[in-house]
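Participant: Sharing a structure, written as structure tokens. Questions coming.
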Amino acid sequence: MLGFLTRRLASLLATAFLASVIVFVVLEVLPGDPALLMLGTEARPDTLAALRAEMNLDRPPVERYFLWLGGFLTGDLGTSHTYNVPVAGLIGDRLAVTLPLTLMALVLSTLLAVPLGFLAATRRNRAGDYAVMAFSQLGVAIPNFWFGIVLTLVFSVTLGWFSSGGFPGWEGGLGPGLKALVLPATALALTEAAILTRVTRSAVLETLEEDYVRTARAKGLSPAQVMGRHVLRNALVPIMTIVGLQFGFLVAGAIVVENVFYLPGLGRLLYQAVNQRDLIVVRDVVVLITILVVAANFTVDLLYALVDPRPKEGRG
Amino acid sequence: MRRALRHRSLLIGMGLTGILVAMALISLAWTPYPVEGVDVSSRLRPPGSAHWLGTDHLGRDVLSLIMAGARNSIAVGVTAVGIGLVLGTPLGLLAAARGGLADEAVGRLTDVAFAFPTVLSAILITALTHPGMVNSIVAIGIFNIAVFARVARGAALQVYGREFVRAALALGRTRTDVALRHVLPNISSPLIVQATIQFAVAILAEAALSYLGLGTPPPTPSWGRMLLEAQTYMFVDPRQALWPGLAIALAVLGLNLLGDGLRDLFDPRLRILRLG
């Protein structure tokens, strides 16, 4: 098992490294003079020179890459030229919104999808199954940003239960902060829940047909014992894989949803940085998101190794 | 054919996709009103006999904009899926045929591409250029290359293990010949199914990018941007946000049902990748 995890870790580190090289090349090498791209042709020469010096543009690209990578790994991400504050602090503040939002969406979707998937599988080809599958089809088809707008129309504009956007910050307490994230997290969770419901249903159906489940039934175990001891544990493997894979897409989805609800998260920061041509912020946030995606995949592998009751030899 | 007609989701999918394509085709020759016909005096009109879905904040006919928006969605979807199929399938075939280093390299490339969800790639491209339809197509297309490479590799590996392929190789046929004559025709079903699903994913991604202002720029009508504009008028006329959202959802639903129906028709055990 250790060998499998080491191989996966090496492979995922290589992926993260390649992703960081791509981002660096796209944003710092392809434009020729990134400082000019950021400040525009009408910038004052001394301002341009100062930014060029800060970005180490007088050095060769390979050296610049490793200087930046070193800074990234030690938390020194440079200074945003639009906000004029360290990028690390900026990202930290925004992560305090995006991470809870993403985790809330992940929890909401899992809590909704796993019972629905089980329900559909145990009532295969009956009304309950059809209703759950219809939910799954609609959930995948409805764009999360439209669902966000509809939620705002119903729960903010019509009922007045939630605010239509913005974030009060965590300083005012956990309650108001979490309340501001309820509608965005629900909008973000819909697609994930729909996909996960379908995966859970198929995983449970497949597991129900396995020989060991038949054996467990033949041994006289009650349906609840068969479900708890055999079906749930084995069905968890594909479910967890999808949860992990979708984590990255939830972070990407947050870029859109944060803009629907004007949430000051990582996605909105990235969106504003692109519009303001703050390439330093864009570079660091994009690399951070790709690392989050890759790290989520590795976490899935770790859990996979712990939960999957089958032998690990020959995998990976 | 009879089997296809008995399959409910395939029929609904075909119907909804047919409506999407028909709307786009008709809009090439005719729309109820000109899509760029600004008429501020009749802005935000409710649905009625003159304007079936009402008018927007500039007095443009919403039905005409929805019809023309379908054209935009199809153009992005077809091109982005085409890029994925044409570039991703050979990569997947190469990985399956050669194994070893080639397989490892293609695997790494797809892993890296999956680390960049389409919105992220589009943002990267927009940071260098300006928002535009081409950015959306390139961002979605790059992701699709990885999707089709992975699907083609998985399907081709199974075909390479079958006797007729081993026999053809043993008879001295070249690897390229075997890949094109024997392997490719036998992996067409999963590729067609995946293409349908990726078409739906492309429509959603294009709408999201246009909603963010990173995709199709004005005056070309796009469903995503219609939603962005509708949000501004949400408190005055909530209906504005209804139609473009419904259009996106029905188009995506139709393509997903079509993909699922085709999968059941070809081989119910086929695995579909749902990422984007």
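The chains in the structure tokens are called A, B, ... from first to last as shown; in each chain the residues are counted from 1, and the ligands are counted from 1 in the order shown.
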Counting only C-alpha atoms, give me one row per residue of chain B with an atom at most 7 Å from an atom of chain A, showing the shortest contact pair and its distance in Å to one decimal, sorted by chain then residue number, as JSON lines.
Facilitator:
{"residue": "B:Arg108", "atom": "CA", "partner": "A:Thr15", "partner_atom": "CA", "distance": 6.6}
{"residue": "B:Asp111", "atom": "CA", "partner": "A:Thr15", "partner_atom": "CA", "distance": 6.5}
{"residue": "B:Val112", "atom": "CA", "partner": "A:Thr15", "partner_atom": "CA", "distance": 5.5}
{"residue": "B:Ala115", "atom": "CA", "partner": "A:Thr290", "partner_atom": "CA", "distance": 5.1}
{"residue": "B:Phe116", "atom": "CA", "partner": "A:Thr290", "partner_atom": "CA", "distance": 6.3}
{"residue": "B:Pro117", "atom": "CA", "partner": "A:Ala252", "partner_atom": "CA", "distance": 6.4}
{"residue": "B:Val119", "atom": "CA", "partner": "A:Ala252", "partner_atom": "CA", "distance": 6.6}
{"residue": "B:Leu120", "atom": "CA", "partner": "A:Ala252", "partner_atom": "CA", "distance": 6.8}
{"residue": "B:Ile123", "atom": "CA", "partner": "A:Val274", "partner_atom": "CA", "distance": 6.9}
{"residue": "B:Ala127", "atom": "CA", "partner": "A:Val274", "partner_atom": "CA", "distance": 5.4}
{"residue": "B:Leu128", "atom": "CA", "partner": "A:Pro31", "partner_atom": "CA", "distance": 6.8}
{"residue": "B:Leu204", "atom": "CA", "partner": "A:Pro143", "partner_atom": "CA", "distance": 6.4}
{"residue": "B:Ala208", "atom": "CA", "partner": "A:Val256", "partner_atom": "CA", "distance": 6.9}
{"residue": "B:Leu212", "atom": "CA", "partner": "A:Val256", "partner_atom": "CA", "distance": 6.9}
{"residue": "B:Gly245", "atom": "CA", "partner": "A:Trp146", "partner_atom": "CA", "distance": 5.8}
{"residue": "B:Ala249", "atom": "CA", "partner": "A:Ile142", "partner_atom": "CA", "distance": 4.8}
{"residue": "B:Val252", "atom": "CA", "partner": "A:Ala141", "partner_atom": "CA", "distance": 5.1}
{"residue": "B:Leu253", "atom": "CA", "partner": "A:Ala141", "partner_atom": "CA", "distance": 5.0}
Participant: Do a neighbour search on A:Val132 at 8 Å with only C-alpha atoms, toss out local chain neighbours closer than 5 positions, and write the hits as a list in words.
Facilitator: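 The neighbour list is Leu116, Gly117, Ala120 and Thr197 of chain A.
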Participant: Can you measure atom CA of A:Asn84 to atom CA of A:Glu42 for me? One decimal in Å is fine.
Facilitator: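 Atom CA of A:Glu42 lies at a distance of 19.6 Å from atom CA of A:Asn84.
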Participant: Where in stretch 116-154 of chain A does DSSP assign helix (DSSP H, G or I), given as number ranges by chain?
Facilitator: A: 116-122, 127-141, 144-154
Participant: One decimal, in Å: what's the spacing between atom CA of B:Val178 and atom CA of B:Gly259?
Facilitator: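 Value for the atom CA of B:Val178-atom CA of B:Gly259 distance: 27.8 Å.
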Participant: Report as an mmCIF file with all heavy atoms, in the first residue's frame all protein, DNA and RNA residues lying within 8 Å of A:Leu181, evaluated on only C-alpha atoms, omitting residues in the same chain fewer than 4 positions from it.
Facilitator:
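Here's the written file out.cif:
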data_model
loop_
_atom_site.group_PDB
_atom_site.id
_atom_site.type_symbol
_atom_site.label_atom_id
_atom_site.label_comp_id
_atom_site.auth_asym_id
_atom_site.auth_seq_id
_atom_site.Cartn_x
_atom_site.Cartn_y
_atom_site.Cartn_z
ATOM 1 N N LEU A 101 -17.374 27.902 1.729
ATOM 2 C CA LEU A 101 -18.423 27.793 0.703
ATOM 3 C C LEU A 101 -18.337 26.431 -0.001
ATOM 4 O O LEU A 101 -19.347 25.723 -0.142
ATOM 5 C CB LEU A 101 -18.257 28.932 -0.319
ATOM 6 C CG LEU A 101 -19.090 28.832 -1.585
ATOM 7 C CD1 LEU A 101 -20.570 29.054 -1.270
ATOM 8 C CD2 LEU A 101 -18.639 29.861 -2.632
ATOM 9 N N PHE A 167 -21.135 39.560 1.771
ATOM 10 C CA PHE A 167 -20.698 38.714 2.879
ATOM 11 C C PHE A 167 -20.369 39.604 4.070
ATOM 12 O O PHE A 167 -19.594 40.554 3.940
ATOM 13 C CB PHE A 167 -19.465 37.912 2.439
ATOM 14 C CG PHE A 167 -19.020 36.887 3.439
ATOM 15 C CD1 PHE A 167 -19.788 35.756 3.682
ATOM 16 C CD2 PHE A 167 -17.838 37.055 4.139
ATOM 17 C CE1 PHE A 167 -19.383 34.807 4.604
ATOM 18 C CE2 PHE A 167 -17.423 36.111 5.072
ATOM 19 C CZ PHE A 167 -18.197 34.978 5.291
ATOM 20 N N GLY A 177 -22.255 34.810 9.014
ATOM 21 C CA GLY A 177 -21.364 34.368 7.929
ATOM 22 C C GLY A 177 -21.908 33.137 7.243
ATOM 23 O O GLY A 177 -21.997 33.076 6.004
ATOM 24 N N ALA A 185 -23.974 28.173 -1.465
ATOM 25 C CA ALA A 185 -23.567 26.765 -1.337
ATOM 26 C C ALA A 185 -24.621 25.851 -1.937
ATOM 27 O O ALA A 185 -24.293 24.829 -2.570
ATOM 28 C CB ALA A 185 -23.341 26.422 0.135
#
Participant: Take atom CA of B:Asp103 and atom CA of B:Tyr160 and report the distance between them in Å, one decimal.
Facilitator: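 Value for the atom CA of B:Asp103-atom CA of B:Tyr160 distance: 14.0 Å.
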Participant: Do you know which residues are at most 9 Å from stretch 122-131 of chain A counting only C-alpha atoms, after dropping those on the same chain fewer than 6 positions away, and could you put them as a PyMOL selection string?
Facilitator: chain A and resi 116+201+204-205
Participant: Give me, as a list in words, all polymer residues having an atom no more than 6 Å from B:Ser64, counting only C-alpha atoms and skipping those fewer than 2 positions away in the same chain.
Facilitator: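 In the requested format, the answer is Thr31, Pro32, Val35, Asp61, Val62, Ile66 and Met67 of chain B.
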Participant: Just write the chosen residues, N, CA, C and O atoms, as a compact mmCIF listing (two decimals), in the first residue's frame.
Facilitator:
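Okay, this is what ended up in result.txt:
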# COMPACT_ATOMS: atom_id res chain seq x y z
N THR B 31 -35.80 35.48 -37.77
CA THR B 31 -36.18 35.58 -36.35
C THR B 31 -37.39 36.52 -36.30
O THR B 31 -37.55 37.36 -37.20
N PRO B 32 -38.27 36.40 -35.30
CA PRO B 32 -39.47 37.24 -35.26
C PRO B 32 -39.15 38.73 -35.40
O PRO B 32 -39.87 39.48 -36.05
N VAL B 35 -32.33 40.76 -34.25
CA VAL B 35 -31.75 40.58 -32.90
C VAL B 35 -31.02 41.84 -32.42
O VAL B 35 -30.76 41.99 -31.23
N ASP B 61 -36.54 41.72 -28.82
CA ASP B 61 -37.45 40.60 -28.66
C ASP B 61 -36.69 39.41 -28.06
O ASP B 61 -35.70 38.94 -28.63
N VAL B 62 -37.16 38.92 -26.89
CA VAL B 62 -36.42 37.87 -26.17
C VAL B 62 -36.40 36.56 -26.97
O VAL B 62 -35.38 35.87 -27.04
N ILE B 66 -33.18 34.39 -27.96
CA ILE B 66 -33.00 32.98 -27.57
C ILE B 66 -32.67 32.14 -28.81
O ILE B 66 -31.79 31.28 -28.78
N MET B 67 -33.39 32.40 -29.91
CA MET B 67 -33.15 31.64 -31.15
C MET B 67 -31.72 31.86 -31.65
O MET B 67 -31.00 30.92 -31.99
Participant: Give the answer as one residue: which of A:Glu210, A:Gly160, A:Ala193, A:Tyr262 has the shortest atom-to-atom distance to A:Leu112, using only C-alpha atoms?
Facilitator: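 Of A:Glu210, A:Gly160, A:Ala193, A:Tyr262, the one nearest A:Leu112, counting only C-alpha atoms, is A:Ala193.
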Participant: From the set B:Pro217, B:Gly107, B:Gly18, B:Gly48, which residue has the shortest atom-to-atom contact distance to B:Ile74, counting only C-alpha atoms?
Facilitator: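 Nearest to B:Ile74: B:Gly18.
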Participant: Which residues, written as a compact mmCIF listing (two decimals) with C-alpha atoms, in the first residue's frame, have at least one atom at most 12 Å from B:Phe148, with only C-alpha atoms counted and residues fewer than 5 positions away on the same chain left out?
Facilitator:
# COMPACT_ATOMS: atom_id res chain seq x y z
CA ALA B 80 -15.03 22.53 -28.93
CA VAL B 81 -16.16 18.90 -29.27
CA GLY B 82 -14.54 18.72 -32.73
CA ILE B 83 -11.21 19.89 -31.27
CA GLY B 84 -11.46 17.25 -28.54
CA LEU B 85 -12.35 14.43 -30.94
CA VAL B 86 -9.78 15.28 -33.61
CA LEU B 87 -6.85 15.86 -31.25
CA GLY B 88 -7.79 13.72 -28.23
CA THR B 89 -8.74 10.47 -30.01
CA PRO B 90 -5.35 10.00 -31.75
CA LEU B 91 -3.59 10.70 -28.43
CA GLY B 92 -5.69 8.05 -26.68
CA LEU B 93 -5.10 5.57 -29.52
CA VAL B 106 -0.52 11.03 -22.46
CA GLY B 107 -1.65 10.13 -18.93
CA THR B 110 -4.58 14.52 -19.36
CA ALA B 113 -5.48 19.31 -18.37
CA PHE B 114 -7.95 18.05 -15.74
CA GLY B 141 -11.52 22.42 -26.48
CA ILE B 142 -8.32 21.89 -24.44
CA PHE B 143 -10.32 20.22 -21.69
CA ARG B 153 -7.39 5.09 -24.46
CA GLY B 154 -9.68 3.11 -22.16
CA ALA B 155 -11.85 1.81 -24.99
CA ALA B 156 -8.88 1.07 -27.29
CA ILE B 187 -14.33 2.53 -30.20
CA SER B 188 -16.73 4.78 -32.10
CA PRO B 190 -18.09 5.37 -26.55
CA LEU B 191 -16.70 8.32 -28.51
CA ILE B 192 -20.14 9.22 -29.94
CA VAL B 193 -21.75 8.95 -26.50
CA GLN B 194 -19.00 11.06 -24.91
CA ALA B 195 -19.25 13.63 -27.74
CA THR B 196 -22.95 14.12 -26.95
CA ILE B 197 -22.21 14.61 -23.24
CA GLN B 198 -19.28 16.98 -23.98
CA ILE B 272 -19.31 8.18 -19.26
CA LEU B 273 -16.93 10.85 -17.92
CA ARG B 274 -18.89 13.72 -16.39
CA LEU B 275 -16.36 16.46 -15.80
Participant: Which one is closest to B:Val183: B:Ala96, B:Gly54, B:Arg263, B:Leu258? Count only C-alpha atoms.
Facilitator: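 Comparing B:Ala96, B:Gly54, B:Arg263, B:Leu258 against B:Val183, the winner is B:Ala96.
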